[in-house]
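> mmCIF, C-alpha atoms and all ligand atoms, saved as coords_14.cif, coming up:
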```
data_final
loop_
_atom_site.group_PDB
_atom_site.id
_atom_site.type_symbol
_atom_site.label_atom_id
_atom_site.label_comp_id
_atom_site.auth_asym_id
_atom_site.auth_seq_id
_atom_site.Cartn_x
_atom_site.Cartn_y
_atom_site.Cartn_z
ATOM 1 C CA MET A 1270 7.111 8.991 -3.632
ATOM 2 C CA TRP A 1271 9.206 12.026 -4.567
ATOM 3 C CA VAL A 1272 6.155 13.963 -5.764
ATOM 4 C CA LEU A 1273 3.222 12.499 -3.882
ATOM 5 C CA GLY A 1274 5.047 11.767 -0.645
ATOM 6 C CA GLY A 1275 6.459 15.301 -0.481
ATOM 7 C CA ASP A 1276 3.597 16.703 1.577
ATOM 8 C CA PHE A 1277 4.243 14.141 4.318
ATOM 9 C CA TYR A 1278 7.973 13.430 4.392
ATOM 10 C CA THR A 1279 11.155 15.464 3.917
ATOM 11 C CA PRO A 1280 13.306 14.909 0.800
ATOM 12 C CA THR A 1281 15.969 13.305 3.034
ATOM 13 C CA GLN A 1282 13.425 10.880 4.508
ATOM 14 C CA ILE A 1283 12.168 9.943 1.037
ATOM 15 C CA ALA A 1284 15.710 9.458 -0.285
ATOM 16 C CA ASN A 1285 16.600 7.236 2.681
ATOM 17 C CA PHE A 1286 13.356 5.297 2.356
ATOM 18 C CA LEU A 1287 13.910 4.665 -1.363
ATOM 19 C CA THR A 1288 17.559 3.705 -0.877
ATOM 20 C CA ARG A 1289 16.877 1.352 2.026
ATOM 21 C CA PHE A 1290 13.565 -0.210 0.997
ATOM 22 C CA GLY A 1291 12.875 0.724 -2.633
ATOM 23 C CA THR A 1292 9.416 0.628 -4.150
ATOM 24 C CA MET A 1293 9.262 -2.866 -5.587
ATOM 25 C CA ASP A 1294 10.647 -6.286 -4.852
ATOM 26 C CA ASP A 1295 11.328 -8.710 -7.726
ATOM 27 C CA ALA A 1296 10.458 -11.653 -5.464
ATOM 28 C CA VAL A 1297 6.955 -10.232 -4.992
ATOM 29 C CA VAL A 1298 6.488 -9.965 -8.749
ATOM 30 C CA LYS A 1299 7.606 -13.580 -9.148
ATOM 31 C CA GLU A 1300 4.912 -14.804 -6.750
ATOM 32 C CA GLY A 1301 2.367 -13.772 -9.393
ATOM 33 C CA HIS A 1302 0.061 -11.494 -7.394
ATOM 34 C CA PHE A 1303 1.448 -8.183 -8.635
ATOM 35 C CA PHE A 1304 -0.492 -5.960 -11.041
ATOM 36 C CA VAL A 1305 0.104 -2.900 -13.177
ATOM 37 C CA ALA A 1306 -2.271 -0.470 -14.873
ATOM 38 C CA GLU A 1307 -1.222 0.602 -18.353
ATOM 39 C CA ASP A 1308 -2.413 3.275 -20.757
ATOM 40 C CA LEU A 1309 -3.364 2.398 -24.323
ATOM 41 C CA ARG A 1310 0.296 2.647 -25.429
ATOM 42 C CA GLY A 1311 1.463 0.277 -22.706
ATOM 43 C CA ALA A 1312 3.013 2.882 -20.401
ATOM 44 C CA ILE A 1313 2.694 1.872 -16.757
ATOM 45 C CA LEU A 1314 0.505 4.261 -14.735
ATOM 46 C CA GLY A 1315 0.289 2.349 -11.483
ATOM 47 C CA SER A 1316 1.292 -0.805 -9.652
ATOM 48 C CA GLY A 1317 0.459 -2.915 -6.633
ATOM 49 C CA GLY A 1318 0.169 -6.431 -5.353
ATOM 50 C CA TRP A 1319 -0.053 -8.742 -2.369
ATOM 51 C CA THR A 1320 2.473 -11.176 -1.027
ATOM 52 C CA CYS A 1321 3.126 -13.602 1.793
ATOM 53 C CA LEU A 1322 6.847 -12.766 1.723
ATOM 54 C CA ARG A 1323 8.151 -10.801 4.683
ATOM 55 C CA PRO A 1324 8.735 -7.188 3.597
ATOM 56 C CA ALA A 1325 12.280 -5.796 3.921
ATOM 57 C CA TYR A 1326 10.904 -3.062 6.187
ATOM 58 C CA ALA A 1327 9.329 -5.544 8.623
ATOM 59 C CA GLN A 1328 12.240 -5.629 11.053
ATOM 60 C CA GLU A 1329 12.661 -1.844 10.949
ATOM 61 C CA LEU A 1330 9.256 -0.978 12.416
ATOM 62 C CA SER A 1331 9.367 0.782 15.777
ATOM 63 C CA VAL A 1332 6.252 -1.065 16.971
ATOM 64 C CA GLY A 1333 4.154 -3.919 15.666
ATOM 65 C CA GLU A 1334 6.513 -5.968 13.531
ATOM 66 C CA ALA A 1335 4.730 -7.414 10.484
ATOM 67 C CA ALA A 1336 3.842 -11.057 11.105
ATOM 68 C CA THR A 1337 5.698 -13.532 8.910
ATOM 69 C CA GLY A 1338 3.623 -15.202 6.231
ATOM 70 C CA MET A 1339 0.637 -12.861 6.603
ATOM 71 C CA PRO A 1340 -0.762 -11.754 3.239
ATOM 72 C CA THR A 1341 0.374 -8.152 2.830
ATOM 73 C CA VAL A 1342 -0.504 -5.453 0.274
ATOM 74 C CA ARG A 1343 2.693 -3.999 -1.186
ATOM 75 C CA SER A 1344 4.027 -1.430 -3.641
ATOM 76 C CA VAL A 1345 0.872 0.539 -4.464
ATOM 77 C CA PHE A 1346 2.144 3.492 -6.492
ATOM 78 C CA VAL A 1347 0.540 5.674 -9.145
ATOM 79 C CA ASP A 1348 2.200 8.041 -11.619
ATOM 80 C CA PRO A 1349 1.733 11.579 -10.214
ATOM 81 C CA ALA A 1350 0.319 12.680 -13.593
ATOM 82 C CA ALA A 1351 -2.437 10.081 -13.336
ATOM 83 C CA THR A 1352 -3.719 10.412 -9.771
ATOM 84 C CA ARG A 1353 -7.348 10.692 -8.626
ATOM 85 C CA ARG A 1354 -8.648 8.829 -11.637
ATOM 86 C CA GLY A 1355 -9.302 5.604 -9.772
ATOM 87 C CA ILE A 1356 -6.146 3.796 -10.898
ATOM 88 C CA ALA A 1357 -5.072 2.741 -7.392
ATOM 89 C CA SER A 1358 -8.686 1.776 -6.657
ATOM 90 C CA ALA A 1359 -8.762 -0.485 -9.709
ATOM 91 C CA ILE A 1360 -5.479 -2.077 -8.613
ATOM 92 C CA MET A 1361 -6.742 -2.529 -5.031
ATOM 93 C CA ALA A 1362 -9.947 -4.168 -6.308
ATOM 94 C CA GLN A 1363 -7.827 -6.531 -8.407
ATOM 95 C CA ILE A 1364 -5.566 -7.287 -5.430
ATOM 96 C CA GLU A 1365 -8.523 -8.083 -3.161
ATOM 97 C CA ASN A 1366 -10.280 -10.273 -5.732
ATOM 98 C CA ASP A 1367 -7.051 -12.140 -6.481
ATOM 99 C CA ALA A 1368 -6.326 -12.638 -2.769
ATOM 100 C CA LEU A 1369 -9.872 -13.871 -2.115
ATOM 101 C CA ALA A 1370 -9.589 -16.321 -5.015
ATOM 102 C CA ASP A 1371 -6.382 -17.596 -3.379
ATOM 103 C CA GLY A 1372 -8.189 -18.232 -0.082
ATOM 104 C CA VAL A 1373 -6.983 -15.124 1.754
ATOM 105 C CA ASP A 1374 -9.375 -13.895 4.485
ATOM 106 C CA VAL A 1375 -7.467 -10.905 5.848
ATOM 107 C CA LEU A 1376 -5.048 -8.483 4.196
ATOM 108 C CA GLN A 1377 -2.608 -6.366 6.185
ATOM 109 C CA LEU A 1378 -0.449 -3.478 5.054
ATOM 110 C CA THR A 1379 1.861 -0.780 6.337
ATOM 111 C CA ALA A 1380 0.630 2.480 4.817
ATOM 112 C CA THR A 1381 2.714 5.541 4.152
ATOM 113 C CA LEU A 1382 0.940 8.708 5.317
ATOM 114 C CA SER A 1383 0.390 9.506 1.614
ATOM 115 C CA GLY A 1384 -1.270 6.131 1.030
ATOM 116 C CA ALA A 1385 -3.509 5.971 4.117
ATOM 117 C CA PRO A 1386 -6.532 7.856 2.640
ATOM 118 C CA LEU A 1387 -6.700 5.367 -0.233
ATOM 119 C CA TYR A 1388 -6.743 2.366 2.121
ATOM 120 C CA LYS A 1389 -9.270 4.024 4.445
ATOM 121 C CA SER A 1390 -11.538 4.552 1.448
ATOM 122 C CA PHE A 1391 -11.252 0.786 0.863
ATOM 123 C CA GLY A 1392 -12.306 -0.084 4.407
ATOM 124 C CA TYR A 1393 -8.867 -0.828 5.896
ATOM 125 C CA GLU A 1394 -8.784 -0.103 9.606
ATOM 126 C CA THR A 1395 -5.888 1.331 11.568
ATOM 127 C CA GLU A 1396 -4.223 -1.173 13.900
ATOM 128 C CA GLU A 1397 -1.497 1.133 15.146
ATOM 129 C CA ASN A 1398 0.672 4.061 14.174
ATOM 130 C CA THR A 1399 4.270 3.049 13.717
ATOM 131 C CA GLU A 1400 7.539 4.332 12.264
ATOM 132 C CA LEU A 1401 10.279 2.904 10.127
ATOM 133 C CA ILE A 1402 13.724 3.541 11.495
ATOM 134 C CA LEU A 1403 15.789 4.795 8.553
ATOM 135 C CA PRO A 1404 19.547 4.198 8.169
ATOM 136 C CA ASP A 1405 20.314 7.706 9.511
ATOM 137 C CA LEU A 1406 18.102 6.789 12.500
ATOM 138 C CA SER A 1407 15.418 9.291 11.497
ATOM 139 C CA ARG A 1408 11.840 8.073 11.691
ATOM 140 C CA PHE A 1409 9.412 7.593 8.807
ATOM 141 C CA LYS A 1410 5.811 7.603 10.032
ATOM 142 C CA CYS A 1411 3.545 4.779 8.807
ATOM 143 C CA ILE A 1412 0.221 3.208 9.765
ATOM 144 C CA LYS A 1413 -0.373 -0.515 10.185
ATOM 145 C CA MET A 1414 -3.792 -1.358 8.736
ATOM 146 C CA ARG A 1415 -5.838 -4.442 8.011
ATOM 147 C CA LYS A 1416 -9.103 -5.509 6.437
ATOM 148 C CA SER A 1417 -11.188 -8.662 6.544
ATOM 149 C CA LEU A 1418 -12.112 -9.654 3.012
ATOM 150 C CA VAL A 1419 -14.857 -11.992 4.145
ATOM 151 C CA GLU A 1420 -16.729 -10.158 6.890
ATOM 152 C CA ARG A 1421 -19.899 -8.620 5.562
ATOM 153 C CA PRO A 1422 -21.585 -5.688 7.321
ATOM 154 C CA ARG A 1423 -24.350 -6.951 9.581
ATOM 155 C CA ARG A 1424 -27.830 -6.451 8.197
ATOM 156 C CA ALA A 1425 -29.988 -4.052 10.100
ATOM 157 C CA SER A 1426 -32.813 -6.097 11.684
ATOM 158 C CA ALA A 1427 -36.177 -5.630 10.070
HETATM 159 C C1 LIG A 1501 -1.855 6.738 -2.741
HETATM 160 C C2 LIG A 1501 -1.947 6.599 -4.272
HETATM 161 C C3 LIG A 1501 -1.493 5.174 -4.672
HETATM 162 C C4 LIG A 1501 -3.418 6.842 -4.696
HETATM 163 O O1 LIG A 1501 -3.523 6.616 -6.109
HETATM 164 P P1 LIG A 1501 -4.792 7.173 -6.980
HETATM 165 O O2 LIG A 1501 -4.835 6.406 -8.252
HETATM 166 O O3 LIG A 1501 -4.711 8.638 -7.054
HETATM 167 O O4 LIG A 1501 -6.016 6.773 -6.032
HETATM 168 P P2 LIG A 1501 -7.576 6.727 -6.482
HETATM 169 O O5 LIG A 1501 -7.811 7.722 -7.590
HETATM 170 O O6 LIG A 1501 -7.961 5.322 -6.750
HETATM 171 O O7 LIG A 1501 -8.277 7.263 -5.148
HETATM 172 C C5 LIG A 1501 -9.297 6.520 -4.485
HETATM 173 C C6 LIG A 1501 -9.705 7.244 -3.214
HETATM 174 O O8 LIG A 1501 -8.601 7.242 -2.280
HETATM 175 C C7 LIG A 1501 -8.595 8.500 -1.554
HETATM 176 N N1 LIG A 1501 -7.408 9.260 -1.942
HETATM 177 C C8 LIG A 1501 -6.487 8.933 -2.883
HETATM 178 N N2 LIG A 1501 -5.496 9.867 -2.935
HETATM 179 C C9 LIG A 1501 -5.802 10.799 -1.999
HETATM 180 C C10 LIG A 1501 -5.191 12.021 -1.571
HETATM 181 N N3 LIG A 1501 -4.038 12.452 -2.117
HETATM 182 N N4 LIG A 1501 -5.802 12.741 -0.612
HETATM 183 C C11 LIG A 1501 -6.946 12.327 -0.050
HETATM 184 N N5 LIG A 1501 -7.598 11.178 -0.421
HETATM 185 C C12 LIG A 1501 -7.025 10.425 -1.359
HETATM 186 C C13 LIG A 1501 -9.852 9.237 -1.990
HETATM 187 O O9 LIG A 1501 -10.908 8.807 -1.155
HETATM 188 C C14 LIG A 1501 -10.050 8.696 -3.404
HETATM 189 O O10 LIG A 1501 -11.377 8.804 -3.877
HETATM 190 P P3 LIG A 1501 -11.852 10.195 -4.603
HETATM 191 O O11 LIG A 1501 -10.814 10.524 -5.628
HETATM 192 O O12 LIG A 1501 -13.179 9.802 -5.199
HETATM 193 O O13 LIG A 1501 -11.928 11.219 -3.516
HETATM 194 C C15 LIG A 1501 -1.037 7.660 -4.981
HETATM 195 O O14 LIG A 1501 -1.372 8.940 -4.481
HETATM 196 C C16 LIG A 1501 0.449 7.438 -4.735
HETATM 197 O O15 LIG A 1501 1.102 6.730 -5.524
HETATM 198 N N6 LIG A 1501 1.015 8.049 -3.658
HETATM 199 C C17 LIG A 1501 2.459 7.996 -3.395
HETATM 200 C C18 LIG A 1501 2.932 6.612 -3.058
HETATM 201 C C19 LIG A 1501 2.280 6.050 -1.830
HETATM 202 O O16 LIG A 1501 2.261 6.657 -0.760
HETATM 203 N N7 LIG A 1501 1.756 4.831 -1.985
HETATM 204 C C20 LIG A 1501 1.211 4.058 -0.896
HETATM 205 C C21 LIG A 1501 2.259 3.139 -0.398
HETATM 206 S S1 LIG A 1501 1.725 2.314 1.098
#
```
Go through the file and emit its structure as structure tokens.
Ligand SMILES: CC(C)(COP(=O)(O)OP(=O)(O)OC[C@H]1O[C@@H](n2cnc3c(N)ncnc32)[C@H](O)[C@@H]1OP(=O)(O)O)[C@@H](O)C(=O)NCCC(=O)NCCS


Amino acid sequence: MWVLGGDFYTPTQIANFLTRFGTMDDAVVKEGHFFVAEDLRGAILGSGGWTCLRPAYAQELSVGEAATGMPTVRSVFVDPAATRRGIASAIMAQIENDALADGVDVLQLTATLSGAPLYKSFGYETEENTELILPDLSRFKCIKMRKSLVERPRRASA
């Protein structure tokens, strides 16, 4: 977030975001739907997962509180030295396949402005623009998005 979020948020906003919400939740890892990408030496290059647990940020959204129990994509982060090599895409593909195998039809997420282009490229649609209210009462812009994992594009009629 410090490096890749810097074009979208001020250092104070990022510091407050990381202090208040962090980037990863141990409970999400324990659910078993959290993935990492590693290099050949085992160094972690990226992470991400999905969860039905209510995110810590859910009650801090200015509009559109995240619904409880809805499968939600969380903690998609890539090492700044390893971006634009398809690492987040590989993690998102794994997340979607794992969610589908678990019977999930729809995934929701709350995207940072730095993450939104990735999710758009994966077919997630904007539901609404929202903001997280940070502890100093400043606002951290985000986008609520969702995607149906089961809807297929309609075939053009012959
Ligand atoms: C967002 C993030 C996870 C993307 O990781 P990545 O491994 O670089 O993403 P990919 O290489 O798989 O990119 C896939 C596609 O997403 C889009 N995309 C990803 N990063 C982008 C950027 N900085 N600007 C514009 N489009 C971007 C592009 O369409 C890209 O395809 P392309 O490279 O062929 O153009 C990474 O930049 C990051 O960790 N950002 C900071 C943390 C963050 O905001 N995470 C999201 C939390 S909700």

> List, as a VMD selection string, every residue that the PyMOL selection byres (((chain A and resi 1371) around 12) and not hetatm) selects in the file provided.

chain A and resid 1301 to 1302 1319 to 1321 1340 1364 to 1370 1372 to 1376 1418

> So which residues are near ligand LIG 1501 (chain A), meaning at most 9 Å away with all atoms listed in the file counted, given back as JSON, numbers by chain?

{"A": [1270, 1271, 1272, 1273, 1274, 1275, 1292, 1314, 1315, 1316, 1317, 1342, 1343, 1344, 1345, 1346, 1347, 1348, 1349, 1351, 1352, 1353, 1354, 1355, 1356, 1357, 1358, 1359, 1360, 1361, 1378, 1379, 1380, 1381, 1382, 1383, 1384, 1385, 1386, 1387, 1388, 1389, 1390, 1391, 1411, 1412]}

> Which value, in Å to one decimal, gives the distance between CA of Pro1324 (chain A) and CA of Arg1415 (chain A)?

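That distance, rounded to one decimal, is 15.5 Å.
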
> Measuring between all atoms listed in the file, which one of A:Pro1280, A:Gly1392, A:Gly1318, A:Gly1291 shows the shortest distance to Phe1304 (chain A)?

A:Gly1318

> For each of A:Leu1403, A:Thr1281, A:Gln1363, A:Asp1276, take the minimum atom-to-atom distance to Phe1303 (chain A), counting only C-alpha atoms, then give the residue where this is smallest.

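Result for the nearest residue to Phe1303 (chain A): A:Gln1363.
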
> Between CA of Met1414 (chain A) and CA of Gln1377 (chain A), measure the distance and give it in Å to one decimal.

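Distance reported for this atom pair: 5.7 Å.
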
> Please report the interatomic distance between CA of Met1339 (chain A) and CA of Val1298 (chain A) in Å with one decimal.

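About the pair CA of Met1339 (chain A) and CA of Val1298 (chain A): they are 16.7 Å apart.
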
> Find the residue from A:Met1293, A:Leu1287, A:Leu1401, A:Leu1309 that sits nearest to Lys1413 (chain A); use only C-alpha atoms when measuring.

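Going through A:Met1293, A:Leu1287, A:Leu1401, A:Leu1309 one by one, the smallest distance to Lys1413 (chain A) is for A:Leu1401.
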
> Would you mind putting back N, CA and C atoms on region 1361-1391 of chain A, then writing it out as a PDB file, in the coordinates of the input?


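Output contents, as saved in part_7.pdb:
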```pdb
ATOM      1  N   MET A1361      -6.357  -1.949  -6.329  1.00  0.00           N
ATOM      2  CA  MET A1361      -6.742  -2.529  -5.031  1.00  0.00           C
ATOM      3  C   MET A1361      -7.884  -3.534  -5.203  1.00  0.00           C
ATOM      4  N   ALA A1362      -8.834  -3.231  -6.071  1.00  0.00           N
ATOM      5  CA  ALA A1362      -9.947  -4.168  -6.308  1.00  0.00           C
ATOM      6  C   ALA A1362      -9.399  -5.471  -6.891  1.00  0.00           C
ATOM      7  N   GLN A1363      -8.447  -5.343  -7.809  1.00  0.00           N
ATOM      8  CA  GLN A1363      -7.827  -6.531  -8.407  1.00  0.00           C
ATOM      9  C   GLN A1363      -7.065  -7.330  -7.349  1.00  0.00           C
ATOM     10  N   ILE A1364      -6.321  -6.620  -6.501  1.00  0.00           N
ATOM     11  CA  ILE A1364      -5.566  -7.287  -5.430  1.00  0.00           C
ATOM     12  C   ILE A1364      -6.521  -8.065  -4.516  1.00  0.00           C
ATOM     13  N   GLU A1365      -7.607  -7.429  -4.100  1.00  0.00           N
ATOM     14  CA  GLU A1365      -8.523  -8.083  -3.161  1.00  0.00           C
ATOM     15  C   GLU A1365      -9.209  -9.281  -3.810  1.00  0.00           C
ATOM     16  N   ASN A1366      -9.629  -9.138  -5.051  1.00  0.00           N
ATOM     17  CA  ASN A1366     -10.280 -10.273  -5.732  1.00  0.00           C
ATOM     18  C   ASN A1366      -9.304 -11.428  -5.914  1.00  0.00           C
ATOM     19  N   ASP A1367      -8.066 -11.103  -6.286  1.00  0.00           N
ATOM     20  CA  ASP A1367      -7.051 -12.140  -6.481  1.00  0.00           C
ATOM     21  C   ASP A1367      -6.729 -12.839  -5.158  1.00  0.00           C
ATOM     22  N   ALA A1368      -6.624 -12.047  -4.076  1.00  0.00           N
ATOM     23  CA  ALA A1368      -6.326 -12.638  -2.769  1.00  0.00           C
ATOM     24  C   ALA A1368      -7.475 -13.539  -2.312  1.00  0.00           C
ATOM     25  N   LEU A1369      -8.700 -13.056  -2.479  1.00  0.00           N
ATOM     26  CA  LEU A1369      -9.872 -13.871  -2.115  1.00  0.00           C
ATOM     27  C   LEU A1369      -9.881 -15.191  -2.883  1.00  0.00           C
ATOM     28  N   ALA A1370      -9.596 -15.117  -4.178  1.00  0.00           N
ATOM     29  CA  ALA A1370      -9.589 -16.321  -5.015  1.00  0.00           C
ATOM     30  C   ALA A1370      -8.497 -17.286  -4.564  1.00  0.00           C
ATOM     31  N   ASP A1371      -7.478 -16.768  -3.878  1.00  0.00           N
ATOM     32  CA  ASP A1371      -6.382 -17.596  -3.379  1.00  0.00           C
ATOM     33  C   ASP A1371      -6.635 -18.044  -1.938  1.00  0.00           C
ATOM     34  N   GLY A1372      -7.823 -17.766  -1.422  1.00  0.00           N
ATOM     35  CA  GLY A1372      -8.189 -18.232  -0.082  1.00  0.00           C
ATOM     36  C   GLY A1372      -7.778 -17.309   1.047  1.00  0.00           C
ATOM     37  N   VAL A1373      -7.403 -16.075   0.723  1.00  0.00           N
ATOM     38  CA  VAL A1373      -6.983 -15.124   1.754  1.00  0.00           C
ATOM     39  C   VAL A1373      -8.220 -14.494   2.403  1.00  0.00           C
ATOM     40  N   ASP A1374      -8.251 -14.491   3.752  1.00  0.00           N
ATOM     41  CA  ASP A1374      -9.375 -13.895   4.485  1.00  0.00           C
ATOM     42  C   ASP A1374      -9.095 -12.455   4.919  1.00  0.00           C
ATOM     43  N   VAL A1375      -7.830 -12.211   5.273  1.00  0.00           N
ATOM     44  CA  VAL A1375      -7.467 -10.905   5.848  1.00  0.00           C
ATOM     45  C   VAL A1375      -6.212 -10.392   5.148  1.00  0.00           C
ATOM     46  N   LEU A1376      -6.239  -9.128   4.755  1.00  0.00           N
ATOM     47  CA  LEU A1376      -5.048  -8.483   4.196  1.00  0.00           C
ATOM     48  C   LEU A1376      -4.535  -7.451   5.186  1.00  0.00           C
ATOM     49  N   GLN A1377      -3.218  -7.410   5.363  1.00  0.00           N
ATOM     50  CA  GLN A1377      -2.608  -6.366   6.185  1.00  0.00           C
ATOM     51  C   GLN A1377      -1.749  -5.487   5.292  1.00  0.00           C
ATOM     52  N   LEU A1378      -1.377  -4.340   5.783  1.00  0.00           N
ATOM     53  CA  LEU A1378      -0.449  -3.478   5.054  1.00  0.00           C
ATOM     54  C   LEU A1378       0.157  -2.461   6.012  1.00  0.00           C
ATOM     55  N   THR A1379       1.261  -1.883   5.598  1.00  0.00           N
ATOM     56  CA  THR A1379       1.861  -0.780   6.337  1.00  0.00           C
ATOM     57  C   THR A1379       1.806   0.427   5.417  1.00  0.00           C
ATOM     58  N   ALA A1380       0.895   1.355   5.717  1.00  0.00           N
ATOM     59  CA  ALA A1380       0.630   2.480   4.817  1.00  0.00           C
ATOM     60  C   ALA A1380       1.590   3.627   5.090  1.00  0.00           C
ATOM     61  N   THR A1381       2.082   4.234   4.015  1.00  0.00           N
ATOM     62  CA  THR A1381       2.714   5.541   4.152  1.00  0.00           C
ATOM     63  C   THR A1381       1.598   6.533   4.507  1.00  0.00           C
ATOM     64  N   LEU A1382       1.969   7.699   5.018  1.00  0.00           N
ATOM     65  CA  LEU A1382       0.940   8.708   5.317  1.00  0.00           C
ATOM     66  C   LEU A1382       0.253   9.156   4.032  1.00  0.00           C
ATOM     67  N   SER A1383       0.990   9.125   2.906  1.00  0.00           N
ATOM     68  CA  SER A1383       0.390   9.506   1.614  1.00  0.00           C
ATOM     69  C   SER A1383      -0.569   8.439   1.082  1.00  0.00           C
ATOM     70  N   GLY A1384      -0.413   7.211   1.526  1.00  0.00           N
ATOM     71  CA  GLY A1384      -1.270   6.131   1.030  1.00  0.00           C
ATOM     72  C   GLY A1384      -2.495   5.876   1.904  1.00  0.00           C
ATOM     73  N   ALA A1385      -2.445   6.329   3.161  1.00  0.00           N
ATOM     74  CA  ALA A1385      -3.509   5.971   4.117  1.00  0.00           C
ATOM     75  C   ALA A1385      -4.926   6.340   3.649  1.00  0.00           C
ATOM     76  N   PRO A1386      -5.148   7.530   3.048  1.00  0.00           N
ATOM     77  CA  PRO A1386      -6.532   7.856   2.640  1.00  0.00           C
ATOM     78  C   PRO A1386      -7.097   6.860   1.624  1.00  0.00           C
ATOM     79  N   LEU A1387      -6.241   6.372   0.735  1.00  0.00           N
ATOM     80  CA  LEU A1387      -6.700   5.367  -0.233  1.00  0.00           C
ATOM     81  C   LEU A1387      -7.192   4.117   0.506  1.00  0.00           C
ATOM     82  N   TYR A1388      -6.385   3.613   1.436  1.00  0.00           N
ATOM     83  CA  TYR A1388      -6.743   2.366   2.121  1.00  0.00           C
ATOM     84  C   TYR A1388      -7.979   2.570   3.000  1.00  0.00           C
ATOM     85  N   LYS A1389      -8.070   3.744   3.636  1.00  0.00           N
ATOM     86  CA  LYS A1389      -9.270   4.024   4.445  1.00  0.00           C
ATOM     87  C   LYS A1389     -10.500   3.975   3.554  1.00  0.00           C
ATOM     88  N   SER A1390     -10.377   4.543   2.352  1.00  0.00           N
ATOM     89  CA  SER A1390     -11.538   4.552   1.448  1.00  0.00           C
ATOM     90  C   SER A1390     -11.922   3.134   1.035  1.00  0.00           C
ATOM     91  N   PHE A1391     -10.989   2.184   1.196  1.00  0.00           N
ATOM     92  CA  PHE A1391     -11.252   0.786   0.863  1.00  0.00           C
ATOM     93  C   PHE A1391     -11.651  -0.034   2.080  1.00  0.00           C
TER      94      PHE A1391
END
```
